[in-house]
$ cat protein32.pdb   # PDB, C-alpha atoms and all ligand atoms
ATOM      1  CA  MET K  12      14.150 -49.312  93.935
ATOM      2  CA  LEU K  13      17.689 -50.385  94.902
ATOM      3  CA  GLN K  14      18.548 -53.356  97.005
ATOM      4  CA  ILE K  15      21.962 -54.216  98.431
ATOM      5  CA  LEU K  16      22.738 -57.844  97.651
ATOM      6  CA  GLY K  17      26.214 -58.311  99.008
ATOM      7  CA  SER K  18      29.473 -56.645  99.887
ATOM      8  CA  ARG K  19      33.235 -57.178  99.644
ATOM      9  CA  ARG K  20      36.148 -55.563 101.493
ATOM     10  CA  LEU K  21      38.505 -53.485  99.459
ATOM     11  CA  SER K  22      42.261 -53.882  99.458
ATOM     12  CA  GLY K  23      45.077 -51.620  98.254
ATOM     13  CA  LYS K  24      44.502 -47.831  98.147
ATOM     14  CA  ALA K  25      40.846 -48.069  99.054
ATOM     15  CA  ARG K  26      41.643 -50.436 101.947
ATOM     16  CA  GLY K  27      38.995 -50.175 104.614
ATOM     17  CA  GLY K  28      36.315 -49.446 102.122
ATOM     18  CA  ARG K  29      33.674 -51.888 101.063
ATOM     19  CA  ILE K  30      31.999 -52.571  97.730
ATOM     20  CA  LEU K  31      28.270 -53.075  97.824
ATOM     21  CA  TYR K  32      26.608 -54.923  94.979
ATOM     22  CA  VAL K  33      23.345 -53.159  94.331
ATOM     23  CA  PHE K  34      20.540 -54.218  92.030
ATOM     24  CA  ASN K  35      17.676 -52.219  90.649
ATOM     25  CA  ARG K  36      14.439 -53.984  91.333
ATOM     26  CA  ARG K  37      12.357 -51.752  89.055
ATOM     27  CA  ALA K  38      14.373 -52.729  86.008
ATOM     28  CA  THR K  39      13.629 -56.404  86.440
ATOM     29  CA  GLN K  40      10.712 -58.778  86.476
ATOM     30  CA  PRO K  41       8.873 -58.904  89.822
ATOM     31  CA  GLY K  42      10.784 -61.176  92.120
ATOM     32  CA  ARG K  43      13.914 -61.253  89.917
ATOM     33  CA  MET K  44      17.052 -59.231  90.400
ATOM     34  CA  ASP K  45      19.415 -59.995  87.602
ATOM     35  CA  ARG K  46      20.835 -56.655  86.465
ATOM     36  CA  LEU K  47      23.830 -55.066  88.102
ATOM     37  CA  GLN K  48      22.817 -51.454  88.381
ATOM     38  CA  ASN K  49      25.286 -49.833  90.653
ATOM     39  CA  VAL K  50      28.374 -50.278  92.738
ATOM     40  CA  ALA K  51      28.865 -48.203  95.817
ATOM     41  CA  VAL K  52      32.001 -47.892  97.895
ATOM     42  CA  ILE K  53      31.636 -47.127 101.525
ATOM     43  CA  SER K  54      34.802 -45.677 102.914
ATOM     44  CA  GLY K  55      34.740 -44.555 106.494
ATOM     45  CA  ARG K  56      31.807 -42.214 106.763
ATOM     46  CA  THR K  57      31.493 -41.329 103.077
ATOM     47  CA  LEU K  58      29.587 -43.291 100.496
ATOM     48  CA  THR K  59      30.722 -42.666  96.950
ATOM     49  CA  THR K  60      28.675 -44.398  94.281
ATOM     50  CA  HIS K  61      30.337 -45.552  91.085
ATOM     51  CA  LYS K  62      27.116 -44.901  89.194
ATOM     52  CA  GLY K  63      28.706 -41.711  87.782
ATOM     53  CA  ASN K  64      31.541 -43.734  86.268
ATOM     54  CA  VAL K  65      29.178 -46.350  84.889
ATOM     55  CA  MET K  66      27.054 -43.595  83.344
ATOM     56  CA  LYS K  67      30.128 -41.804  81.954
ATOM     57  CA  LYS K  68      31.189 -45.055  80.308
ATOM     58  CA  ASN K  69      27.699 -45.497  78.845
ATOM     59  CA  VAL K  70      27.677 -41.917  77.537
ATOM     60  CA  ILE K  71      31.087 -42.464  75.876
ATOM     61  CA  ILE K  72      29.846 -45.685  74.226
ATOM     62  CA  ILE K  73      26.639 -43.971  73.018
ATOM     63  CA  CYS K  74      28.699 -41.026  71.657
ATOM     64  CA  LEU K  75      31.054 -43.394  69.845
ATOM     65  CA  VAL K  76      28.174 -45.352  68.288
ATOM     66  CA  PHE K  77      26.501 -42.061  67.305
ATOM     67  CA  PHE K  78      29.782 -40.752  65.832
ATOM     68  CA  VAL K  79      30.316 -43.919  63.767
ATOM     69  CA  LEU K  80      26.682 -43.803  62.569
ATOM     70  CA  CYS K  81      27.075 -40.106  61.633
ATOM     71  CA  ILE K  82      30.202 -40.804  59.592
ATOM     72  CA  PHE K  83      28.560 -43.806  57.913
ATOM     73  CA  SER K  84      25.337 -41.951  57.037
ATOM     74  CA  SER K  85      27.181 -38.826  55.855
ATOM     75  CA  LEU K  86      29.345 -41.016  53.589
ATOM     76  CA  CYS K  87      26.214 -42.616  52.128
ATOM     77  CA  PHE K  88      24.551 -39.197  51.819
ATOM     78  CA  ALA K  89      27.614 -37.651  50.134
ATOM     79  CA  GLU K  90      27.730 -40.601  47.742
ATOM     80  CA  ALA K  91      24.041 -40.123  46.930
ATOM     81  CA  LEU K  92      24.449 -36.363  46.568
ATOM     82  CA  LYS K  93      27.273 -36.382  44.058
ATOM     83  CA  PRO K  94      26.624 -34.470  40.815
ATOM     84  CA  VAL K  95      25.490 -36.712  37.969
ATOM     85  CA  LYS K  96      27.522 -36.005  34.841
ATOM     86  CA  LEU K  97      25.355 -36.193  31.729
ATOM     87  CA  PRO K  98      26.745 -37.663  28.506
ATOM     88  CA  PRO K  99      27.453 -34.991  25.863
ATOM     89  CA  PRO K 100      24.289 -34.049  23.971
ATOM     90  CA  GLN K 101      23.768 -35.626  20.573
ATOM     91  CA  THR K 102      22.937 -32.672  18.383
ATOM     92  CA  ASP K 103      21.912 -34.630  15.334
ATOM     93  CA  GLY K 104      18.997 -36.985  14.714
ATOM     94  CA  GLY K 105      15.309 -36.590  15.388
ATOM     95  CA  LYS K 106      12.604 -35.391  13.045
ATOM     96  CA  PRO K 107      13.254 -32.280  10.972
ATOM     97  CA  LEU K 108      11.917 -29.061  12.520
ATOM     98  CA  MET K 109       8.859 -28.758  10.259
ATOM     99  CA  GLN K 110       7.800 -32.308  11.077
ATOM    100  CA  ALA K 111       8.377 -31.712  14.806
ATOM    101  CA  LEU K 112       6.209 -28.575  14.608
ATOM    102  CA  ASN K 113       3.576 -30.625  12.885
ATOM    103  CA  ASP K 114       3.637 -33.236  15.694
ATOM    104  CA  ARG K 115       3.913 -30.860  18.641
ATOM    105  CA  ALA K 116       1.046 -31.473  21.076
ATOM    106  CA  SER K 117       0.225 -31.768  24.756
ATOM    107  CA  SER K 118      -0.262 -35.255  26.059
ATOM    108  CA  ARG K 119      -1.444 -36.395  29.477
ATOM    109  CA  GLU K 120      -0.921 -40.144  29.275
ATOM    110  CA  PHE K 121       2.524 -41.346  30.232
ATOM    111  CA  SER K 122       4.266 -44.659  30.605
ATOM    112  CA  SER K 123       6.284 -44.971  33.830
ATOM    113  CA  GLU K 124       9.334 -46.223  31.869
ATOM    114  CA  LYS K 125      12.495 -44.309  32.805
ATOM    115  CA  LEU K 126      14.295 -42.086  30.311
ATOM    116  CA  PRO K 127      17.820 -43.216  29.359
ATOM    117  CA  MET K 128      20.623 -40.829  30.381
ATOM    118  CA  GLN K 129      21.285 -39.901  26.754
ATOM    119  CA  VAL K 130      17.649 -38.872  26.301
ATOM    120  CA  LEU K 131      17.776 -36.811  29.513
ATOM    121  CA  SER K 132      20.990 -35.194  28.356
ATOM    122  CA  ASP K 133      19.571 -34.286  24.945
ATOM    123  CA  LEU K 134      16.269 -33.120  26.435
ATOM    124  CA  LEU K 135      17.928 -30.755  28.940
ATOM    125  CA  TRP K 136      20.357 -29.442  26.355
ATOM    126  CA  ALA K 137      17.413 -28.781  24.017
ATOM    127  CA  ALA K 138      15.555 -27.070  26.887
ATOM    128  CA  CYS K 139      18.219 -24.501  27.749
ATOM    129  CA  GLY K 140      21.673 -26.016  27.332
ATOM    130  CA  ILE K 141      24.697 -24.013  26.223
ATOM    131  CA  ASN K 142      24.957 -23.946  22.412
ATOM    132  CA  ARG K 143      27.705 -21.300  22.160
ATOM    133  CA  ALA K 144      30.588 -22.210  24.443
ATOM    134  CA  ASP K 145      32.425 -18.922  23.793
ATOM    135  CA  THR K 146      29.625 -16.765  25.257
ATOM    136  CA  GLY K 147      27.809 -19.327  27.411
ATOM    137  CA  LYS K 148      24.556 -18.522  25.639
ATOM    138  CA  ARG K 149      21.745 -21.029  25.506
ATOM    139  CA  THR K 150      19.338 -22.863  23.190
ATOM    140  CA  ALA K 151      16.549 -20.672  24.639
ATOM    141  CA  PRO K 152      16.667 -16.881  24.643
ATOM    142  CA  SER K 153      16.317 -14.882  27.885
ATOM    143  CA  ALA K 154      15.622 -11.201  28.427
ATOM    144  CA  ARG K 155      18.958  -9.352  28.517
ATOM    145  CA  ASN K 156      20.597 -12.775  28.733
ATOM    146  CA  TRP K 157      19.752 -12.914  32.445
ATOM    147  CA  GLN K 158      19.392 -16.707  32.232
ATOM    148  CA  GLU K 159      17.203 -16.470  35.300
ATOM    149  CA  ILE K 160      15.214 -19.674  34.767
ATOM    150  CA  ASP K 161      16.574 -22.709  36.565
ATOM    151  CA  VAL K 162      15.361 -26.121  35.491
ATOM    152  CA  TYR K 163      14.811 -28.648  38.273
ATOM    153  CA  ILE K 164      14.159 -32.306  37.520
ATOM    154  CA  ALA K 165      11.862 -34.271  39.834
ATOM    155  CA  ALA K 166      12.625 -37.953  39.276
ATOM    156  CA  GLU K 167      11.885 -41.056  41.325
ATOM    157  CA  GLU K 168      15.318 -41.159  42.978
ATOM    158  CA  ALA K 169      15.844 -37.454  43.668
ATOM    159  CA  LEU K 170      15.246 -33.818  42.843
ATOM    160  CA  TYR K 171      18.057 -32.395  40.699
ATOM    161  CA  LEU K 172      19.033 -28.973  39.385
ATOM    162  CA  TYR K 173      20.288 -28.816  35.794
ATOM    163  CA  ASP K 174      23.737 -27.233  35.715
ATOM    164  CA  ALA K 175      23.992 -26.087  32.081
ATOM    165  CA  LYS K 176      27.644 -24.966  32.399
ATOM    166  CA  GLN K 177      28.879 -28.423  33.368
ATOM    167  CA  HIS K 178      25.999 -30.230  31.675
ATOM    168  CA  GLN K 179      25.289 -32.194  34.823
ATOM    169  CA  LEU K 180      22.596 -32.813  37.412
ATOM    170  CA  LEU K 181      23.128 -31.352  40.855
ATOM    171  CA  PRO K 182      21.232 -33.321  43.506
ATOM    172  CA  VAL K 183      19.039 -31.082  45.636
ATOM    173  CA  LEU K 184      16.845 -33.496  47.599
ATOM    174  CA  LYS K 185      17.151 -37.240  47.889
ATOM    175  CA  GLU K 186      13.402 -37.557  47.723
ATOM    176  CA  ASP K 187      10.726 -38.337  45.173
ATOM    177  CA  ILE K 188       8.694 -35.117  44.992
ATOM    178  CA  ARG K 189       6.931 -35.882  41.672
ATOM    179  CA  THR K 190       3.547 -35.891  43.422
ATOM    180  CA  ASP K 191       4.161 -32.340  44.617
ATOM    181  CA  THR K 192       4.869 -30.981  41.119
ATOM    182  CA  GLY K 193       1.221 -30.753  40.128
ATOM    183  CA  LYS K 194      -2.375 -31.539  40.916
ATOM    184  CA  GLN K 195      -2.950 -34.038  38.078
ATOM    185  CA  GLY K 196      -2.623 -37.770  38.691
ATOM    186  CA  PHE K 197      -0.083 -38.554  35.968
ATOM    187  CA  VAL K 198       2.644 -36.435  37.620
ATOM    188  CA  LYS K 199       3.179 -39.177  40.237
ATOM    189  CA  THR K 200       4.146 -41.904  37.796
ATOM    190  CA  ALA K 201       5.618 -40.156  34.750
ATOM    191  CA  PRO K 202       9.426 -40.577  34.906
ATOM    192  CA  ILE K 203      10.247 -36.880  35.163
ATOM    193  CA  ASN K 204       8.638 -33.544  35.865
ATOM    194  CA  LEU K 205      10.640 -30.424  35.055
ATOM    195  CA  ILE K 206      10.071 -27.457  37.344
ATOM    196  CA  TYR K 207      10.904 -24.032  35.922
ATOM    197  CA  VAL K 208      12.050 -21.742  38.722
ATOM    198  CA  ALA K 209      12.747 -18.030  38.242
ATOM    199  CA  ASP K 210      15.636 -16.636  40.219
ATOM    200  CA  PHE K 211      14.585 -13.011  40.697
ATOM    201  CA  SER K 212      18.033 -12.150  42.084
ATOM    202  CA  LYS K 213      19.395 -12.517  38.518
ATOM    203  CA  ILE K 214      16.907 -10.003  37.065
ATOM    204  CA  SER K 215      17.990  -6.374  37.339
ATOM    205  CA  ALA K 216      14.512  -4.987  36.533
ATOM    206  CA  GLU K 217      13.161  -2.849  39.350
ATOM    207  CA  LYS K 218       9.461  -3.630  39.242
ATOM    208  CA  MET K 219       8.070  -6.954  40.429
ATOM    209  CA  GLU K 220       5.596  -7.040  37.528
ATOM    210  CA  ASP K 221       8.563  -6.880  35.094
ATOM    211  CA  LYS K 222      10.361  -9.703  36.888
ATOM    212  CA  ILE K 223       7.225 -11.843  36.644
ATOM    213  CA  PHE K 224       6.641 -10.906  32.989
ATOM    214  CA  TYR K 225      10.195 -11.698  31.832
ATOM    215  CA  SER K 226      10.322 -14.898  33.886
ATOM    216  CA  ALA K 227       7.071 -16.125  32.360
ATOM    217  CA  ALA K 228       8.203 -15.240  28.818
ATOM    218  CA  ASP K 229      11.623 -16.884  29.246
ATOM    219  CA  THR K 230      10.026 -20.019  30.691
ATOM    220  CA  GLY K 231       7.795 -20.197  27.618
ATOM    221  CA  PHE K 232      10.806 -20.449  25.301
ATOM    222  CA  ILE K 233      12.353 -23.266  27.335
ATOM    223  CA  SER K 234       9.067 -25.119  27.536
ATOM    224  CA  GLN K 235       8.544 -24.851  23.764
ATOM    225  CA  ASN K 236      12.049 -26.227  23.156
ATOM    226  CA  VAL K 237      11.074 -29.201  25.299
ATOM    227  CA  TYR K 238       7.826 -29.593  23.371
ATOM    228  CA  LEU K 239       9.734 -29.630  20.085
ATOM    229  CA  TYR K 240      12.376 -32.059  21.345
ATOM    230  CA  CYS K 241       9.601 -34.392  22.530
ATOM    231  CA  ALA K 242       7.743 -34.117  19.206
ATOM    232  CA  SER K 243      10.981 -34.793  17.368
ATOM    233  CA  PHE K 244      11.874 -37.906  19.425
ATOM    234  CA  GLY K 245       8.442 -39.424  20.076
ATOM    235  CA  LEU K 246       8.101 -38.449  23.731
ATOM    236  CA  ALA K 247       4.928 -37.254  25.445
ATOM    237  CA  THR K 248       4.837 -33.942  27.322
ATOM    238  CA  VAL K 249       2.565 -31.309  28.799
ATOM    239  CA  VAL K 250       3.430 -27.974  30.385
ATOM    240  CA  ARG K 251       1.453 -27.237  33.521
ATOM    241  CA  GLY K 252       0.398 -24.236  35.561
ATOM    242  CA  TYR K 253      -1.957 -26.262  37.751
ATOM    243  CA  VAL K 254       0.567 -26.539  40.567
ATOM    244  CA  ASP K 255       0.419 -25.623  44.262
ATOM    245  CA  LYS K 256       3.394 -23.297  43.841
ATOM    246  CA  PRO K 257       3.858 -22.058  47.446
ATOM    247  CA  ALA K 258       3.757 -25.657  48.714
ATOM    248  CA  LEU K 259       6.226 -26.814  46.041
ATOM    249  CA  GLU K 260       8.586 -23.893  46.718
ATOM    250  CA  LYS K 261       8.601 -24.892  50.382
ATOM    251  CA  ILE K 262       9.279 -28.560  49.647
ATOM    252  CA  MET K 263      12.106 -27.593  47.280
ATOM    253  CA  GLY K 264      13.610 -25.298  49.907
ATOM    254  CA  LEU K 265      13.645 -22.264  47.592
ATOM    255  CA  ARG K 266      14.611 -18.785  48.747
ATOM    256  CA  PRO K 267      11.851 -16.103  48.847
ATOM    257  CA  ASP K 268      13.234 -14.577  45.606
ATOM    258  CA  GLN K 269      12.969 -17.896  43.740
ATOM    259  CA  LYS K 270       9.539 -18.580  42.243
ATOM    260  CA  VAL K 271       8.071 -21.636  40.567
ATOM    261  CA  ILE K 272       6.694 -20.500  37.183
ATOM    262  CA  LEU K 273       5.537 -23.707  35.504
ATOM    263  CA  SER K 274       6.082 -27.436  35.565
ATOM    264  CA  GLN K 275       6.340 -29.834  32.605
ATOM    265  CA  THR K 276       5.895 -33.594  32.558
ATOM    266  CA  ILE K 277       7.909 -35.766  30.150
ATOM    267  CA  GLY K 278       7.831 -39.467  29.449
ATOM    268  CA  TYR K 279       7.190 -42.101  26.851
ATOM    269  CA  PRO K 280       3.581 -42.181  25.626
ATOM    270  CA  LYS K 281       1.387 -44.733  27.414
ATOM    271  CA  LYS K 282       0.895 -47.792  25.208
TER     272      LYS K 282
HETATM  273  C1  LIG J   1       1.053 -21.525  30.495
HETATM  274  C2  LIG J   1       0.361 -22.840  30.266
HETATM  275  C3  LIG J   1      -0.155 -23.542  31.351
HETATM  276  C4  LIG J   1      -0.744 -24.797  31.164
HETATM  277  N1  LIG J   1      -1.176 -25.494  32.242
HETATM  278  C5  LIG J   1      -1.666 -26.748  32.062
HETATM  279  C6  LIG J   1      -2.005 -27.541  33.201
HETATM  280  O1  LIG J   1      -1.869 -27.154  34.360
HETATM  281  N2  LIG J   1      -2.462 -28.789  32.984
HETATM  282  C7  LIG J   1      -2.634 -29.299  31.707
HETATM  283  O2  LIG J   1      -3.043 -30.443  31.582
HETATM  284  N3  LIG J   1      -2.294 -28.572  30.631
HETATM  285  C8  LIG J   1      -1.812 -27.310  30.772
HETATM  286  N4  LIG J   1      -1.407 -26.579  29.686
HETATM  287  C9  LIG J   1      -1.511 -27.185  28.343
HETATM  288  C10 LIG J   1      -2.673 -26.584  27.566
HETATM  289  O3  LIG J   1      -3.890 -27.045  28.089
HETATM  290  C11 LIG J   1      -2.521 -26.955  26.112
HETATM  291  O4  LIG J   1      -1.336 -26.385  25.591
HETATM  292  C12 LIG J   1      -3.699 -26.495  25.309
HETATM  293  O5  LIG J   1      -4.862 -27.231  25.642
HETATM  294  C13 LIG J   1      -3.449 -26.635  23.813
HETATM  295  O6  LIG J   1      -3.121 -27.982  23.492
HETATM  296  P1  LIG J   1      -1.769 -28.332  22.697
HETATM  297  O7  LIG J   1      -0.618 -27.982  23.556
HETATM  298  O8  LIG J   1      -1.862 -29.801  22.418
HETATM  299  O9  LIG J   1      -1.768 -27.530  21.442
HETATM  300  C14 LIG J   1      -0.859 -25.320  29.847
HETATM  301  C15 LIG J   1      -0.345 -24.611  28.765
HETATM  302  C16 LIG J   1       0.266 -23.389  28.966
HETATM  303  C17 LIG J   1       0.853 -22.660  27.780
END

$ encode --input "protein32.pdb" --output "structure tokens"
Amino acid sequence: MLQILGSRRLSGKARGGRILYVFNRRATQPGRMDRLQNVAVISGRTLTTHKGNVMKKNVIIICLVFFVLCIFSSLCFAEALKPVKLPPPQTDGGKPLMQALNDRASSREFSSEKLPMQVLSDLLWAACGINRADTGKRTAPSARNWQEIDVYIAAEEALYLYDAKQHQLLPVLKEDIRTDTGKQGFVKTAPINLIYVADFSKISAEKMEDKIFYSAADTGFISQNVYLYCASFGLATVVRGYVDKPALEKIMGLRPDQKVILSQTIGYPKK
């Protein structure tokens, strides 16, 4: 409800007009009128309110604040979504192959301690990194060298995609989706869960059953490399099919021709 509180004659161009000071009673406490809501100018027979101008000014201020906030948040987001360069893999060390084979096992008890960057680098290189720079071929074989399995890393700070060519992590989601990578409790607290995703667009086989078969086989080689790396360096791991795959694919924002095949948890053994 508006109430006219006072008025003042105008001079200059708008001479003859009158400014009315108007307050909005609804916006205030009962019995108090302390907020200038509107200014109206009566000139001759016409009454032009200045509410439009006041509102325009408010809209401009809101837009400016919004614009500044957008720039600020996009800068923060861009900063957070920069690729993470991994240190070069250390291709020596660890237990000899026969000892690693002897120690290879599934484990379901993990410490929540984070993996150092060097360990992550070595682990991903062992999984399916490039071991022949001239051809771009990998530590794991793939049917017709399709290299159709992408390795995603679900960590506390984000979901990343392993970019084998640049040996770096490409941020995909700035979210902790570890819980969504499997239906077993330890997935939530183990430092990383790998998600093996088949990109069917890279497979030239015609039949869907062939795409599924080759994707499953190629994932197996990567997973076993991870098992052997973990056995060699004293890490705990388990590969997992007990995953709500459609839900995870949705959360990861995968295309319809990208399918989650398996997941694999890695961490230090629980003490
Ligand atoms: C394709 C595949 C899917 C698996 N899925 C799960 C799983 O969802 N959860 C789990 O705890 N272990 C899973 N495992 C691990 C097996 O249970 C484990 O390899 C098996 O019990 C033999 O134990 P080992 O790996 O220590 O030799 C899976 C293994 C494979 C090969």

$ resolve_selection --input "protein32.pdb" --expression "the PyMOL selection byres (((chain K and resi 238) around 8) and not hetatm)" --output "count of residues only"
12

$ residues_around --input "protein32.pdb" --residues "region 153-162 of chain K" --least-positions-apart "4" --cutoff "9 Å" --atoms "all atoms listed in the file" --output "ChimeraX atom specification"
/K:135,138-139,148-149,171-174,205-215,225-226,228-230,232-233,272

$ write_last_selection --input "protein32.pdb" --atoms "C-alpha atoms" --output "mmCIF file, in the frame of the given file"
data_model
loop_
_atom_site.group_PDB
_atom_site.id
_atom_site.type_symbol
_atom_site.label_atom_id
_atom_site.label_comp_id
_atom_site.auth_asym_id
_atom_site.auth_seq_id
_atom_site.Cartn_x
_atom_site.Cartn_y
_atom_site.Cartn_z
ATOM 1 C CA LEU K 135 17.928 -30.755 28.940
ATOM 2 C CA ALA K 138 15.555 -27.070 26.887
ATOM 3 C CA CYS K 139 18.219 -24.501 27.749
ATOM 4 C CA LYS K 148 24.556 -18.522 25.639
ATOM 5 C CA ARG K 149 21.745 -21.029 25.506
ATOM 6 C CA TYR K 171 18.057 -32.395 40.699
ATOM 7 C CA LEU K 172 19.033 -28.973 39.385
ATOM 8 C CA TYR K 173 20.288 -28.816 35.794
ATOM 9 C CA ASP K 174 23.737 -27.233 35.715
ATOM 10 C CA LEU K 205 10.640 -30.424 35.055
ATOM 11 C CA ILE K 206 10.071 -27.457 37.344
ATOM 12 C CA TYR K 207 10.904 -24.032 35.922
ATOM 13 C CA VAL K 208 12.050 -21.742 38.722
ATOM 14 C CA ALA K 209 12.747 -18.030 38.242
ATOM 15 C CA ASP K 210 15.636 -16.636 40.219
ATOM 16 C CA PHE K 211 14.585 -13.011 40.697
ATOM 17 C CA SER K 212 18.033 -12.150 42.084
ATOM 18 C CA LYS K 213 19.395 -12.517 38.518
ATOM 19 C CA ILE K 214 16.907 -10.003 37.065
ATOM 20 C CA SER K 215 17.990 -6.374 37.339
ATOM 21 C CA TYR K 225 10.195 -11.698 31.832
ATOM 22 C CA SER K 226 10.322 -14.898 33.886
ATOM 23 C CA ALA K 228 8.203 -15.240 28.818
ATOM 24 C CA ASP K 229 11.623 -16.884 29.246
ATOM 25 C CA THR K 230 10.026 -20.019 30.691
ATOM 26 C CA PHE K 232 10.806 -20.449 25.301
ATOM 27 C CA ILE K 233 12.353 -23.266 27.335
ATOM 28 C CA ILE K 272 6.694 -20.500 37.183
#

$ resolve_selection --input "protein32.pdb" --expression "the PyMOL selection byres (((chain K and resi 260-267) around 9) and not hetatm)" --output "PyMOL selection string"
chain K and resi 170+183-184+188+191+208+210+255-259+268-271

$ write_last_selection --input "protein32.pdb" --atoms "C-alpha atoms" --output "CSV table (one decimal), in the frame of the given file"
chain,number,residue,atom,x,y,z
K,170,LEU,CA,15.2,-33.8,42.8
K,183,VAL,CA,19.0,-31.1,45.6
K,184,LEU,CA,16.8,-33.5,47.6
K,188,ILE,CA,8.7,-35.1,45.0
K,191,ASP,CA,4.2,-32.3,44.6
K,208,VAL,CA,12.0,-21.7,38.7
K,210,ASP,CA,15.6,-16.6,40.2
K,255,ASP,CA,0.4,-25.6,44.3
K,256,LYS,CA,3.4,-23.3,43.8
K,257,PRO,CA,3.9,-22.1,47.4
K,258,ALA,CA,3.8,-25.7,48.7
K,259,LEU,CA,6.2,-26.8,46.0
K,268,ASP,CA,13.2,-14.6,45.6
K,269,GLN,CA,13.0,-17.9,43.7
K,270,LYS,CA,9.5,-18.6,42.2
K,271,VAL,CA,8.1,-21.6,40.6

$ closest_residue --input "protein32.pdb" --among "K:Ile164, K:Val70, K:Ala137, K:Leu112" --to "ligand LIG 1 (chain J)" --atoms "all atoms listed in the file"
K:Leu112

$ closest_residue --input "protein32.pdb" --among "K:Ile72, K:Ala166, K:Ala227, K:Met219" --to "Glu124 (chain K)" --atoms "all atoms listed in the file"
K:Ala166

$ residues_around --input "protein32.pdb" --residues "Lys281 (chain K)" --least-positions-apart "2" --cutoff "7 Å" --atoms "all atoms listed in the file" --output "PyMOL selection string"
chain K and resi 120-122+279

$ resolve_selection --input "protein32.pdb" --expression "the PyMOL selection byres (((not hetatm)) within 8 of (chain J and resi 1))" --output "NGL selection string"
:K and (115-119 or 193-195 or 231 or 249-254 or 273)

$ atom_distance --input "protein32.pdb" --atom1 "CA of Leu181 (chain K)" --atom2 "CA of Phe197 (chain K)"
24.8 Å
